Amino acid sequence: MHESNNRPAADRGAGADTPSAPYADMTRTVSARLRALRSSTPEVMAAFGELGRTATADGVLDAKTKELIALALSVAARCDPCIGFHTQTLAKLGASKQEVHEALGVATYMGGGPSLMYAAHAVAAFEEAVRRSAPDLEQQHRSPAAGVEE
């Protein structure tokens with residue numbers, strides 16, 4: 001889904017009625033479309049789900065660190081739905097804006113210019129996910145150094 005503009009797929013071609021949460025809408029749509037695969041290939045989908053749960057479970061690396069890695073890989077792979085899913089999880093795990101931005105810096109370093117363009121998508125998706133998170137999580141997204149929201 002690579003295009004020359006820097007707008008997520010959910011925003012492209014939209015006018016005044018552009019949804020205020022394009023990544024949330026995108027992940028809901030993808031999840032709905034995956035129901036057919038869950039129905040027709042339940043063993044495959046269950047195995048994929050278990051792989052994801054196992055891969056992202058706390059271990060030597062905590063779940064947040066693993067999700068930051070997953071976000072960086074999503075950017076490098078240019079997968080907008082992946083960006084949406086991983087930024088939502090990062091918001092729930094209390095990732096800070098700085099943590100997300102540093103992970104995106106690594107993605108850009110490894111993926112070059114195209115990853116930089118998708119890093120902008122991930123910034124928008126994370127900001128959307130934070131806005132949609134519970135109000136008590138908002139405090140976790142403040143910069144520890146400055147003490148103000150970034």
# chains A, B, ... in the order shown; residues from 1 in each chain; ligands from 1
>>> closest_atom_pairs(of="stretch 84-129 of chain A", to="stretch 27-49 of chain A", cutoff="12 Å", atoms="only C-alpha atoms", output="Markdown table")
| residue | atom | partner | partner_atom | distance |
| --- | --- | --- | --- | --- |
| A:Gly84 | CA | A:Thr27 | CA | 6.2 |
| A:Phe85 | CA | A:Thr27 | CA | 6.4 |
| A:His86 | CA | A:Thr27 | CA | 10.1 |
| A:Thr87 | CA | A:Thr27 | CA | 10.8 |
| A:Gln88 | CA | A:Thr27 | CA | 9.5 |
| A:Thr89 | CA | A:Thr27 | CA | 11.8 |
| A:Ala125 | CA | A:Thr27 | CA | 10.8 |
| A:Ala129 | CA | A:Thr27 | CA | 11.4 |
>>> write_last_selection(atoms="C-alpha atoms", output="PDB file, in the first residue's frame")
ATOM      1  CA  GLY A  84      -2.936   0.518  13.842  1.00  0.00           C
ATOM      2  CA  PHE A  85      -3.006  -2.695  15.888  1.00  0.00           C
ATOM      3  CA  HIS A  86       0.446  -2.181  17.441  1.00  0.00           C
ATOM      4  CA  THR A  87      -0.062   1.504  18.295  1.00  0.00           C
ATOM      5  CA  GLN A  88      -3.350   0.628  20.004  1.00  0.00           C
ATOM      6  CA  THR A  89      -1.560  -1.996  22.088  1.00  0.00           C
ATOM      7  CA  ALA A 125      -1.868   6.201  14.671  1.00  0.00           C
ATOM      8  CA  ALA A 129      -4.732   5.553  20.055  1.00  0.00           C
TER       9      ALA A 129
END
>>> select_by_dssp(residues="stretch 15-126 of chain A", states="helix (DSSP H, G or I)", output="compact mmCIF listing (two decimals) with C-alpha atoms, in the first residue's frame")
# COMPACT_ATOMS: atom_id res chain seq x y z
CA PRO A 22 -8.83 6.28 10.71
CA TYR A 23 -6.59 3.66 12.33
CA ALA A 24 -9.29 2.48 14.73
CA ASP A 25 -11.70 2.25 11.80
CA MET A 26 -9.09 0.41 9.73
CA THR A 27 -8.37 -2.16 12.45
CA ARG A 28 -12.10 -2.75 13.01
CA THR A 29 -12.57 -3.29 9.27
CA VAL A 30 -9.62 -5.67 9.01
CA SER A 31 -10.79 -7.61 12.07
CA ALA A 32 -14.25 -7.94 10.54
CA ARG A 33 -12.80 -9.16 7.26
CA LEU A 34 -10.66 -11.72 9.06
CA ARG A 35 -13.79 -13.38 10.46
CA ALA A 36 -14.15 -15.28 7.18
CA LEU A 37 -10.66 -16.74 7.63
CA ARG A 38 -11.37 -17.57 11.27
CA SER A 39 -14.42 -19.46 10.08
CA SER A 40 -12.84 -21.25 7.11
CA PRO A 42 -9.91 -21.93 12.39
CA GLU A 43 -6.79 -23.96 13.15
CA VAL A 44 -4.53 -21.62 11.17
CA MET A 45 -6.04 -18.50 12.72
CA ALA A 46 -5.90 -19.98 16.23
CA ALA A 47 -2.24 -20.91 15.71
CA PHE A 48 -1.46 -17.40 14.43
CA GLY A 49 -3.20 -15.88 17.45
CA GLU A 50 -1.27 -18.12 19.81
CA LEU A 51 1.99 -17.23 18.04
CA GLY A 52 1.24 -13.56 18.59
CA ARG A 53 0.36 -14.04 22.27
CA THR A 54 3.47 -16.13 22.88
CA ALA A 55 5.81 -13.84 20.93
CA THR A 56 4.65 -10.70 22.75
CA ALA A 63 5.61 -6.82 26.31
CA LYS A 64 5.98 -3.07 25.65
CA THR A 65 9.48 -3.51 24.22
CA LYS A 66 8.23 -6.32 22.00
CA GLU A 67 5.35 -4.14 20.78
CA LEU A 68 7.82 -1.32 19.99
CA ILE A 69 9.77 -3.83 17.89
CA ALA A 70 6.55 -4.94 16.21
CA LEU A 71 5.67 -1.31 15.43
CA ALA A 72 9.10 -0.72 13.90
CA LEU A 73 8.68 -3.83 11.74
CA SER A 74 5.19 -2.68 10.75
CA VAL A 75 6.64 0.61 9.54
CA ALA A 76 9.42 -1.13 7.62
CA ALA A 77 6.87 -3.51 6.04
CA ASP A 80 -1.01 0.33 7.90
CA PRO A 81 -3.31 -2.14 9.69
CA CYS A 82 -0.29 -3.52 11.58
CA ILE A 83 0.62 0.04 12.60
CA GLY A 84 -2.94 0.52 13.84
CA PHE A 85 -3.01 -2.70 15.89
CA HIS A 86 0.45 -2.18 17.44
CA THR A 87 -0.06 1.50 18.29
CA GLN A 88 -3.35 0.63 20.00
CA THR A 89 -1.56 -2.00 22.09
CA LEU A 90 1.29 0.40 22.87
CA ALA A 91 -1.19 3.02 24.09
CA LYS A 92 -2.80 0.41 26.36
CA LYS A 97 5.46 9.33 22.82
CA GLN A 98 9.26 9.39 23.16
CA GLU A 99 9.49 5.59 23.30
CA VAL A 100 7.38 5.31 20.14
CA HIS A 101 9.39 8.00 18.37
CA GLU A 102 12.70 6.33 19.23
CA ALA A 103 11.46 2.98 17.92
CA LEU A 104 10.38 4.78 14.74
CA GLY A 105 13.87 6.25 14.49
CA VAL A 106 15.32 2.73 14.44
CA ALA A 107 12.76 1.72 11.78
CA THR A 108 13.78 4.71 9.69
CA TYR A 109 17.47 3.91 10.11
CA MET A 110 16.90 0.33 8.97
CA GLY A 111 14.36 1.10 6.24
CA GLY A 112 15.52 4.42 4.85
CA GLY A 113 13.25 7.03 3.26
CA PRO A 114 10.19 4.83 2.75
CA SER A 115 10.26 3.92 6.45
CA LEU A 116 10.44 7.61 7.34
CA MET A 117 7.22 8.21 5.39
CA TYR A 118 5.54 5.33 7.23
CA ALA A 119 6.92 6.54 10.55
CA ALA A 120 4.66 9.57 10.03
CA HIS A 121 1.71 7.16 9.72
CA ALA A 122 2.72 5.50 12.99
CA VAL A 123 2.92 8.88 14.77
CA ALA A 124 -0.65 9.66 13.66
CA ALA A 125 -1.87 6.20 14.67
CA PHE A 126 -0.25 6.40 18.12
>>> atom_distance(atom1="atom CA of A:Ser133", atom2="atom CA of A:Arg78")
24.3 Å
>>> decode(residues="stretch 52-128 of chain A", atoms="C-alpha atoms", output="PDB file, in the first residue's frame")
ATOM      1  CA  GLY A  52       1.242 -13.560  18.593  1.00  0.00           C
ATOM      2  CA  ARG A  53       0.364 -14.036  22.271  1.00  0.00           C
ATOM      3  CA  THR A  54       3.471 -16.128  22.881  1.00  0.00           C
ATOM      4  CA  ALA A  55       5.814 -13.837  20.935  1.00  0.00           C
ATOM      5  CA  THR A  56       4.650 -10.701  22.751  1.00  0.00           C
ATOM      6  CA  ALA A  57       4.369 -12.131  26.273  1.00  0.00           C
ATOM      7  CA  ASP A  58       6.673 -10.773  28.953  1.00  0.00           C
ATOM      8  CA  GLY A  59      10.023 -12.526  29.009  1.00  0.00           C
ATOM      9  CA  VAL A  60      13.545 -11.142  29.097  1.00  0.00           C
ATOM     10  CA  LEU A  61      12.021  -8.398  26.943  1.00  0.00           C
ATOM     11  CA  ASP A  62       8.807  -6.976  28.356  1.00  0.00           C
ATOM     12  CA  ALA A  63       5.607  -6.817  26.305  1.00  0.00           C
ATOM     13  CA  LYS A  64       5.978  -3.075  25.649  1.00  0.00           C
ATOM     14  CA  THR A  65       9.482  -3.507  24.221  1.00  0.00           C
ATOM     15  CA  LYS A  66       8.225  -6.321  21.998  1.00  0.00           C
ATOM     16  CA  GLU A  67       5.353  -4.138  20.778  1.00  0.00           C
ATOM     17  CA  LEU A  68       7.816  -1.322  19.992  1.00  0.00           C
ATOM     18  CA  ILE A  69       9.771  -3.826  17.886  1.00  0.00           C
ATOM     19  CA  ALA A  70       6.547  -4.941  16.205  1.00  0.00           C
ATOM     20  CA  LEU A  71       5.667  -1.312  15.426  1.00  0.00           C
ATOM     21  CA  ALA A  72       9.098  -0.720  13.896  1.00  0.00           C
ATOM     22  CA  LEU A  73       8.682  -3.826  11.740  1.00  0.00           C
ATOM     23  CA  SER A  74       5.186  -2.678  10.745  1.00  0.00           C
ATOM     24  CA  VAL A  75       6.636   0.612   9.536  1.00  0.00           C
ATOM     25  CA  ALA A  76       9.422  -1.134   7.616  1.00  0.00           C
ATOM     26  CA  ALA A  77       6.866  -3.506   6.039  1.00  0.00           C
ATOM     27  CA  ARG A  78       4.556  -0.563   5.251  1.00  0.00           C
ATOM     28  CA  CYS A  79       1.566  -2.277   6.858  1.00  0.00           C
ATOM     29  CA  ASP A  80      -1.011   0.331   7.897  1.00  0.00           C
ATOM     30  CA  PRO A  81      -3.311  -2.145   9.689  1.00  0.00           C
ATOM     31  CA  CYS A  82      -0.288  -3.519  11.580  1.00  0.00           C
ATOM     32  CA  ILE A  83       0.620   0.043  12.596  1.00  0.00           C
ATOM     33  CA  GLY A  84      -2.936   0.518  13.842  1.00  0.00           C
ATOM     34  CA  PHE A  85      -3.006  -2.695  15.888  1.00  0.00           C
ATOM     35  CA  HIS A  86       0.446  -2.181  17.441  1.00  0.00           C
ATOM     36  CA  THR A  87      -0.062   1.504  18.295  1.00  0.00           C
ATOM     37  CA  GLN A  88      -3.350   0.628  20.004  1.00  0.00           C
ATOM     38  CA  THR A  89      -1.560  -1.996  22.088  1.00  0.00           C
ATOM     39  CA  LEU A  90       1.290   0.403  22.873  1.00  0.00           C
ATOM     40  CA  ALA A  91      -1.188   3.021  24.087  1.00  0.00           C
ATOM     41  CA  LYS A  92      -2.801   0.415  26.362  1.00  0.00           C
ATOM     42  CA  LEU A  93       0.636  -0.627  27.660  1.00  0.00           C
ATOM     43  CA  GLY A  94       1.433   2.990  28.556  1.00  0.00           C
ATOM     44  CA  ALA A  95       4.153   3.632  25.995  1.00  0.00           C
ATOM     45  CA  SER A  96       5.326   7.227  25.938  1.00  0.00           C
ATOM     46  CA  LYS A  97       5.458   9.334  22.818  1.00  0.00           C
ATOM     47  CA  GLN A  98       9.260   9.395  23.159  1.00  0.00           C
ATOM     48  CA  GLU A  99       9.489   5.586  23.295  1.00  0.00           C
ATOM     49  CA  VAL A 100       7.381   5.314  20.142  1.00  0.00           C
ATOM     50  CA  HIS A 101       9.385   8.003  18.366  1.00  0.00           C
ATOM     51  CA  GLU A 102      12.704   6.334  19.234  1.00  0.00           C
ATOM     52  CA  ALA A 103      11.455   2.982  17.917  1.00  0.00           C
ATOM     53  CA  LEU A 104      10.377   4.779  14.740  1.00  0.00           C
ATOM     54  CA  GLY A 105      13.867   6.254  14.491  1.00  0.00           C
ATOM     55  CA  VAL A 106      15.316   2.731  14.440  1.00  0.00           C
ATOM     56  CA  ALA A 107      12.759   1.718  11.784  1.00  0.00           C
ATOM     57  CA  THR A 108      13.778   4.712   9.688  1.00  0.00           C
ATOM     58  CA  TYR A 109      17.469   3.909  10.110  1.00  0.00           C
ATOM     59  CA  MET A 110      16.896   0.331   8.973  1.00  0.00           C
ATOM     60  CA  GLY A 111      14.362   1.098   6.243  1.00  0.00           C
ATOM     61  CA  GLY A 112      15.515   4.419   4.846  1.00  0.00           C
ATOM     62  CA  GLY A 113      13.255   7.027   3.263  1.00  0.00           C
ATOM     63  CA  PRO A 114      10.187   4.833   2.751  1.00  0.00           C
ATOM     64  CA  SER A 115      10.262   3.916   6.446  1.00  0.00           C
ATOM     65  CA  LEU A 116      10.437   7.610   7.341  1.00  0.00           C
ATOM     66  CA  MET A 117       7.217   8.207   5.393  1.00  0.00           C
ATOM     67  CA  TYR A 118       5.535   5.327   7.231  1.00  0.00           C
ATOM     68  CA  ALA A 119       6.921   6.542  10.550  1.00  0.00           C
ATOM     69  CA  ALA A 120       4.664   9.572  10.028  1.00  0.00           C
ATOM     70  CA  HIS A 121       1.713   7.159   9.718  1.00  0.00           C
ATOM     71  CA  ALA A 122       2.721   5.499  12.988  1.00  0.00           C
ATOM     72  CA  VAL A 123       2.919   8.882  14.767  1.00  0.00           C
ATOM     73  CA  ALA A 124      -0.651   9.657  13.659  1.00  0.00           C
ATOM     74  CA  ALA A 125      -1.868   6.201  14.671  1.00  0.00           C
ATOM     75  CA  PHE A 126      -0.246   6.401  18.124  1.00  0.00           C
ATOM     76  CA  GLU A 127      -1.654   9.880  18.766  1.00  0.00           C
ATOM     77  CA  GLU A 128      -5.104   8.586  17.778  1.00  0.00           C
TER      78      GLU A 128
END
